[in-house]
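Below: one structure, written as structure tokens.
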Amino acid sequence: MPVFEVRITLKEGIVDPEGENTKKTLQLLGFDDLKQVSFSKLYTISMEGSGETAIREVEEMCRRLLANPAIHNYTYRLIDEQ
Amino acid sequence: MEEDGFLLKTSDIRVAVLRIEGTNMAEEAAAAAKGSGVRAEIIHLKQLEGRCSPAMRRSLQDYHMIVIPGGFSSGDYVRAGAMFASRIKSSIGREFMNFIDEGRPVLGICNGFQILVELGILPSGGEKGEMLPRAALATNLSTRYECRPAYLKNVNRGHCVFTRKIPTGTLLSVPTAHGEGKLTFPPGKSDEWVAKLEESDEIVFRYVDDRGNFAGYPWNPNGSFYNIAGITDDTGSVLGMMPHPERTYWRYLHSDWTRGDLSGNMHGDGRLIFDSAFDYIVSKF
């Protein structure tokens, strides 16, 4: 049963208000050496199918729902093959 | 409403207010439609999919217009509107697109606008293809939920059926209530998209200040590119807008209503958007 980790990030050039606001708040808490905070989403997806088919399906999940192609990039990796 | 010479009367118009779990402005949207004298019914998507008792089964062909109201459909999980859009695509997608192709109006308010964007219906710019988003209604620049009055200018030159009764340049007071309303185009494509939408007259409402000047925050509550508050598609019969016209349907719903002239009818600014669509339906069907 392959398990994938899918990460959704904002494309370069898309404003990241969540990341910016988190950065400001962390600085208020005294983390002065902070350079950048970026917001992303992480999904853990367990599949029933086998290797190649599972990868194709995860790709389609990203394309059709998990990422908005106008503003998001997505990456995924196999983290477990129980 | 002018009806002379038309077969369909306003009272014959049937409006579907489409909801799933998490939709929370259906009652207000239906009340607004009914206020104009049309028949409005709140229906769950399952009733269109047939996942209900036979007596509750509905078809989009039963209606002249769809309103997708505001709320937090499916908890806004993944992205605001993404789940509702996916459920439409996977079930009644073809029927929904046929409805639009027939020129029947679709109004997406707030979460409804987010759903139309996630469906890939708005923005259109004449592009057709797979139902995938071409833009996003991203997190407000303020990262806050912005719930307050807003001023909109109707900049549409006549393409959109929802502004038939609103002269170009008119200012409307319609409140906003959202956390993700910043219309965002793919990186580096914003100017190109706006030029295309301008050319095809698909921009409908833009945020302005109280004097009618295009202005930034707080007048533009979310940082939307080009101050865009509402857009239509290439048919002109679809309108997606972040502000809530049902919340100023009556004059006494305006936050400053006691300061104005209290004589005459009690129609609010938002009513014009509904009445424009009903006027169009009477003339077309």
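Residues in the structure tokens are numbered from 1 in each chain, the chains being A, B, ... in the order shown, and ligands are numbered from 1 in the order shown.
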
Check which residues of chain A sit at most 10 Å from chain B using only C-alpha atoms, and return one row each with the closest pair of atoms and their distance in Å to one decimal, ordered by chain and rising number, as a Markdown table.
```
| residue | atom | partner | partner_atom | distance |
| --- | --- | --- | --- | --- |
| A:Lys11 | CA | B:Pro187 | CA | 7.4 |
| A:Glu12 | CA | B:Pro187 | CA | 7.2 |
| A:Gly13 | CA | B:Pro187 | CA | 5.4 |
| A:Ile14 | CA | B:Pro187 | CA | 6.3 |
| A:Val15 | CA | B:Leu141 | CA | 8.0 |
| A:Asp16 | CA | B:Leu141 | CA | 8.2 |
| A:Pro17 | CA | B:Leu141 | CA | 5.6 |
| A:Glu18 | CA | B:Thr143 | CA | 6.4 |
| A:Gly19 | CA | B:Thr143 | CA | 9.9 |
| A:Glu20 | CA | B:Thr143 | CA | 9.4 |
| A:Asn21 | CA | B:Thr143 | CA | 7.5 |
| A:Lys41 | CA | B:Val78 | CA | 8.8 |
| A:Tyr43 | CA | B:Val78 | CA | 9.9 |
| A:Arg63 | CA | B:Leu132 | CA | 8.5 |
| A:Arg64 | CA | B:Leu132 | CA | 7.0 |
| A:Leu65 | CA | B:Ala82 | CA | 6.9 |
| A:Leu66 | CA | B:Val78 | CA | 6.4 |
| A:Ala67 | CA | B:Val78 | CA | 8.4 |
| A:Asn68 | CA | B:Pro133 | CA | 6.4 |
| A:Pro69 | CA | B:Pro133 | CA | 6.8 |
| A:Ala70 | CA | B:Pro186 | CA | 4.6 |
| A:Ile71 | CA | B:Pro186 | CA | 5.6 |
| A:His72 | CA | B:Pro186 | CA | 8.9 |
```

Selected residues, N, CA and C atoms, written as a compact mmCIF listing (two decimals), in the first residue's frame, please.
```
# COMPACT_ATOMS: atom_id res chain seq x y z
N LYS A 11 2.93 29.44 -6.43
CA LYS A 11 3.88 29.71 -7.51
C LYS A 11 4.67 30.98 -7.19
N GLU A 12 5.85 31.05 -7.72
CA GLU A 12 6.66 32.26 -7.55
C GLU A 12 5.91 33.44 -8.18
N GLY A 13 5.85 34.54 -7.45
CA GLY A 13 5.14 35.71 -7.97
C GLY A 13 3.73 35.85 -7.39
N ILE A 14 3.24 34.81 -6.73
CA ILE A 14 1.93 34.89 -6.07
C ILE A 14 2.16 35.35 -4.62
N VAL A 15 1.46 36.39 -4.24
CA VAL A 15 1.62 36.95 -2.89
C VAL A 15 1.19 35.90 -1.85
N ASP A 16 1.96 35.81 -0.78
CA ASP A 16 1.71 34.80 0.25
C ASP A 16 1.38 35.50 1.57
N PRO A 17 0.15 36.03 1.72
CA PRO A 17 -0.17 36.79 2.94
C PRO A 17 -0.08 35.95 4.22
N GLU A 18 -0.38 34.64 4.12
CA GLU A 18 -0.30 33.80 5.32
C GLU A 18 1.16 33.68 5.79
N GLY A 19 2.05 33.46 4.83
CA GLY A 19 3.47 33.37 5.16
C GLY A 19 3.99 34.68 5.72
N GLU A 20 3.61 35.79 5.07
CA GLU A 20 4.08 37.11 5.51
C GLU A 20 3.60 37.44 6.92
N ASN A 21 2.33 37.15 7.16
CA ASN A 21 1.76 37.45 8.48
C ASN A 21 2.37 36.58 9.57
N LYS A 41 0.70 23.51 1.85
CA LYS A 41 -0.21 22.50 2.40
C LYS A 41 0.38 21.13 2.15
N TYR A 43 -0.49 16.99 2.20
CA TYR A 43 -1.47 15.90 2.31
C TYR A 43 -0.71 14.58 2.37
N ARG A 63 -3.75 17.60 -10.07
CA ARG A 63 -4.15 18.41 -11.21
C ARG A 63 -5.62 18.82 -11.13
N ARG A 64 -6.46 17.89 -10.65
CA ARG A 64 -7.91 18.12 -10.72
C ARG A 64 -8.52 18.67 -9.44
N LEU A 65 -7.82 18.59 -8.31
CA LEU A 65 -8.42 19.13 -7.09
C LEU A 65 -7.43 19.79 -6.13
N LEU A 66 -6.37 19.08 -5.80
CA LEU A 66 -5.54 19.54 -4.68
C LEU A 66 -4.83 20.86 -4.97
N ALA A 67 -4.45 21.09 -6.23
CA ALA A 67 -3.78 22.35 -6.61
C ALA A 67 -4.65 23.13 -7.56
N ASN A 68 -4.62 24.44 -7.45
CA ASN A 68 -5.23 25.30 -8.46
C ASN A 68 -4.09 25.69 -9.41
N PRO A 69 -4.15 25.23 -10.66
CA PRO A 69 -3.01 25.44 -11.57
C PRO A 69 -2.67 26.91 -11.83
N ALA A 70 -3.61 27.80 -11.53
CA ALA A 70 -3.33 29.23 -11.76
C ALA A 70 -2.33 29.77 -10.75
N ILE A 71 -2.34 29.23 -9.53
CA ILE A 71 -1.49 29.83 -8.49
C ILE A 71 -0.59 28.83 -7.76
N HIS A 72 -0.80 27.53 -8.00
CA HIS A 72 -0.08 26.53 -7.20
C HIS A 72 0.89 25.69 -8.01
```

Where does DSSP see helix (DSSP H, G or I) in stretch 2-73 of chain A, if you list the residues as a VMD selection string? chain A and resid 17 to 28 51 to 66

Those same residues - N, CA and C atoms - I'd like them written as a short mmCIF file (atom, residue, chain, number, x, y, z; two decimals), in the first residue's frame.
```
data_model
loop_
_atom_site.label_atom_id
_atom_site.label_comp_id
_atom_site.auth_asym_id
_atom_site.auth_seq_id
_atom_site.Cartn_x
_atom_site.Cartn_y
_atom_site.Cartn_z
N PRO A 17 0.15 36.03 1.72
CA PRO A 17 -0.17 36.79 2.94
C PRO A 17 -0.08 35.95 4.22
N GLU A 18 -0.38 34.64 4.12
CA GLU A 18 -0.30 33.80 5.32
C GLU A 18 1.16 33.68 5.79
N GLY A 19 2.05 33.46 4.83
CA GLY A 19 3.47 33.37 5.16
C GLY A 19 3.99 34.68 5.72
N GLU A 20 3.61 35.79 5.07
CA GLU A 20 4.08 37.11 5.51
C GLU A 20 3.60 37.44 6.92
N ASN A 21 2.33 37.15 7.16
CA ASN A 21 1.76 37.45 8.48
C ASN A 21 2.37 36.58 9.57
N THR A 22 2.62 35.33 9.23
CA THR A 22 3.24 34.44 10.20
C THR A 22 4.65 34.93 10.53
N LYS A 23 5.34 35.38 9.49
CA LYS A 23 6.70 35.91 9.69
C LYS A 23 6.68 37.11 10.65
N LYS A 24 5.73 38.04 10.40
CA LYS A 24 5.65 39.23 11.25
C LYS A 24 5.38 38.84 12.70
N THR A 25 4.48 37.88 12.88
CA THR A 25 4.13 37.47 14.24
C THR A 25 5.30 36.78 14.92
N LEU A 26 6.01 35.95 14.19
CA LEU A 26 7.19 35.29 14.77
C LEU A 26 8.24 36.32 15.17
N GLN A 27 8.37 37.38 14.35
CA GLN A 27 9.33 38.44 14.68
C GLN A 27 8.89 39.18 15.94
N LEU A 28 7.57 39.36 16.08
CA LEU A 28 7.06 39.99 17.31
C LEU A 28 7.40 39.16 18.54
N GLY A 51 2.43 0.63 -7.87
CA GLY A 51 3.37 1.71 -8.18
C GLY A 51 2.96 2.71 -9.26
N GLU A 52 3.08 2.32 -10.53
CA GLU A 52 2.88 3.29 -11.62
C GLU A 52 1.46 3.84 -11.66
N THR A 53 0.49 2.96 -11.47
CA THR A 53 -0.91 3.38 -11.48
C THR A 53 -1.16 4.37 -10.35
N ALA A 54 -0.62 4.06 -9.19
CA ALA A 54 -0.81 4.94 -8.03
C ALA A 54 -0.21 6.32 -8.31
N ILE A 55 0.96 6.33 -8.90
CA ILE A 55 1.62 7.62 -9.19
C ILE A 55 0.77 8.44 -10.15
N ARG A 56 0.25 7.77 -11.19
CA ARG A 56 -0.60 8.48 -12.16
C ARG A 56 -1.84 9.06 -11.47
N GLU A 57 -2.41 8.29 -10.56
CA GLU A 57 -3.61 8.76 -9.87
C GLU A 57 -3.31 9.95 -8.96
N VAL A 58 -2.19 9.90 -8.27
CA VAL A 58 -1.82 11.03 -7.40
C VAL A 58 -1.60 12.28 -8.25
N GLU A 59 -0.97 12.10 -9.39
CA GLU A 59 -0.76 13.23 -10.32
C GLU A 59 -2.11 13.85 -10.71
N GLU A 60 -3.08 13.00 -11.02
CA GLU A 60 -4.41 13.49 -11.42
C GLU A 60 -5.12 14.17 -10.25
N MET A 61 -4.93 13.64 -9.05
CA MET A 61 -5.53 14.27 -7.86
C MET A 61 -5.02 15.69 -7.71
N CYS A 62 -3.74 15.86 -7.90
CA CYS A 62 -3.13 17.20 -7.79
C CYS A 62 -3.69 18.12 -8.86
N ARG A 63 -3.75 17.60 -10.07
CA ARG A 63 -4.15 18.41 -11.21
C ARG A 63 -5.62 18.82 -11.13
N ARG A 64 -6.46 17.89 -10.65
CA ARG A 64 -7.91 18.12 -10.72
C ARG A 64 -8.52 18.67 -9.44
N LEU A 65 -7.82 18.59 -8.31
CA LEU A 65 -8.42 19.13 -7.09
C LEU A 65 -7.43 19.79 -6.13
N LEU A 66 -6.37 19.08 -5.80
CA LEU A 66 -5.54 19.54 -4.68
C LEU A 66 -4.83 20.86 -4.97
#
```

DSSP-assigned strand (DSSP E or B) among stretch 49-275 of chain B, expressed as a PyMOL selection string: chain B and resi 65-68+71+106-109+136-139+146-148+151-154+171-173+176-178+180-184+203-208+214+228-232+238-241+250+267

Limited to C-alpha atoms, could you put the picked residues into a file as an mmCIF file, in the first residue's frame?
```
data_model
loop_
_atom_site.group_PDB
_atom_site.id
_atom_site.type_symbol
_atom_site.label_atom_id
_atom_site.label_comp_id
_atom_site.auth_asym_id
_atom_site.auth_seq_id
_atom_site.Cartn_x
_atom_site.Cartn_y
_atom_site.Cartn_z
ATOM 1 C CA MET B 65 -31.829 30.603 -13.216
ATOM 2 C CA ILE B 66 -29.376 29.198 -10.692
ATOM 3 C CA VAL B 67 -28.061 31.095 -7.682
ATOM 4 C CA ILE B 68 -25.077 29.590 -5.893
ATOM 5 C CA GLY B 71 -21.138 30.182 2.821
ATOM 6 C CA VAL B 106 -26.158 31.757 -13.166
ATOM 7 C CA LEU B 107 -25.321 34.001 -10.221
ATOM 8 C CA GLY B 108 -22.454 33.004 -7.931
ATOM 9 C CA ILE B 109 -22.282 35.073 -4.758
ATOM 10 C CA ALA B 136 -8.068 31.908 -8.095
ATOM 11 C CA LEU B 137 -9.902 33.774 -5.370
ATOM 12 C CA ALA B 138 -6.958 33.786 -3.035
ATOM 13 C CA THR B 139 -6.558 34.736 0.625
ATOM 14 C CA GLU B 146 -13.413 41.290 5.675
ATOM 15 C CA CYS B 147 -17.064 41.751 6.639
ATOM 16 C CA ARG B 148 -18.379 45.275 6.014
ATOM 17 C CA TYR B 151 -18.839 50.332 -2.857
ATOM 18 C CA LEU B 152 -18.930 48.881 -6.341
ATOM 19 C CA LYS B 153 -18.920 50.617 -9.694
ATOM 20 C CA ASN B 154 -20.727 48.969 -12.570
ATOM 21 C CA LEU B 171 -22.224 53.144 -7.795
ATOM 22 C CA LEU B 172 -23.777 50.420 -5.654
ATOM 23 C CA SER B 173 -23.407 49.711 -1.977
ATOM 24 C CA THR B 176 -18.581 41.908 1.545
ATOM 25 C CA ALA B 177 -17.973 39.012 3.934
ATOM 26 C CA HIS B 178 -15.087 36.766 2.959
ATOM 27 C CA GLU B 180 -10.609 34.522 0.237
ATOM 28 C CA GLY B 181 -11.716 37.042 -2.366
ATOM 29 C CA LYS B 182 -8.585 38.341 -4.026
ATOM 30 C CA LEU B 183 -8.988 37.635 -7.728
ATOM 31 C CA THR B 184 -5.565 36.368 -8.736
ATOM 32 C CA ILE B 203 -15.522 42.849 -16.044
ATOM 33 C CA VAL B 204 -18.718 43.856 -14.250
ATOM 34 C CA PHE B 205 -18.018 45.384 -10.833
ATOM 35 C CA ARG B 206 -14.897 47.070 -9.446
ATOM 36 C CA TYR B 207 -14.315 48.250 -5.890
ATOM 37 C CA VAL B 208 -14.285 52.033 -5.475
ATOM 38 C CA PHE B 214 -10.889 53.136 -7.847
ATOM 39 C CA ILE B 228 -12.223 43.484 -9.579
ATOM 40 C CA ALA B 229 -15.277 42.554 -7.495
ATOM 41 C CA GLY B 230 -17.341 40.738 -10.122
ATOM 42 C CA ILE B 231 -16.944 39.263 -13.592
ATOM 43 C CA THR B 232 -19.105 37.628 -16.233
ATOM 44 C CA VAL B 238 -23.018 34.193 -15.685
ATOM 45 C CA LEU B 239 -22.046 36.581 -12.891
ATOM 46 C CA GLY B 240 -19.612 35.833 -10.104
ATOM 47 C CA MET B 241 -19.153 38.456 -7.420
ATOM 48 C CA TRP B 250 -33.980 46.095 0.723
ATOM 49 C CA HIS B 267 -35.651 48.743 -2.800
#
```

Separation of atom CA of B:Tyr217 and atom CA of B:Ala150, in Å?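 Taking atom CA of B:Tyr217 and atom CA of B:Ala150, their separation equals 10.8 Å.
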
Between atom CA of B:Ser276 and atom CA of B:Phe72, what is the distance, to one decimal in Å?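 Distance reported for this atom pair: 26.8 Å.
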
Atom CA of B:Tyr280 to atom CA of B:Asp101, straight-line distance in Å: 15.1 Å

Find, counting only C-alpha atoms, the residue in A:Gln36, A:Thr44, A:Asn73, A:Ser50 that gets nearest to A:Leu10.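 Of the candidates, the smallest distance to A:Leu10 is held by A:Asn73.
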
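Around A:Leu42, within 7 Å and counting only C-alpha atoms, the residues found are Glu5, Val6, Arg7 and Ile8 of chain A, once anything fewer than 6 positions away on its own chain is removed.
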
Would you mind exporting N, CA, C and O atoms of the selected residues as a tab-separated table (two decimals), in the first residue's frame?
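Output file selection_39.tsv is given in full below:
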```tsv
chain	number	residue	atom	x	y	z
A	5	GLU	N	3.29	11.63	0.01
A	5	GLU	CA	3.21	12.95	0.65
A	5	GLU	C	3.09	13.96	-0.49
A	5	GLU	O	3.96	14.01	-1.36
A	6	VAL	N	2.00	14.72	-0.49
A	6	VAL	CA	1.75	15.70	-1.55
A	6	VAL	C	1.88	17.09	-0.96
A	6	VAL	O	1.24	17.40	0.05
A	7	ARG	N	2.71	17.91	-1.57
A	7	ARG	CA	2.91	19.28	-1.06
A	7	ARG	C	2.42	20.29	-2.09
A	7	ARG	O	2.78	20.22	-3.27
A	8	ILE	N	1.58	21.21	-1.63
A	8	ILE	CA	1.03	22.26	-2.50
A	8	ILE	C	1.66	23.59	-2.07
A	8	ILE	O	1.55	23.99	-0.91
```

Contacts of B:Asp269 at 8 Å (only C-alpha atoms; same-chain gap of 3+ positions) as number ranges by chain: B: 172-174, 245, 248-251, 272-273
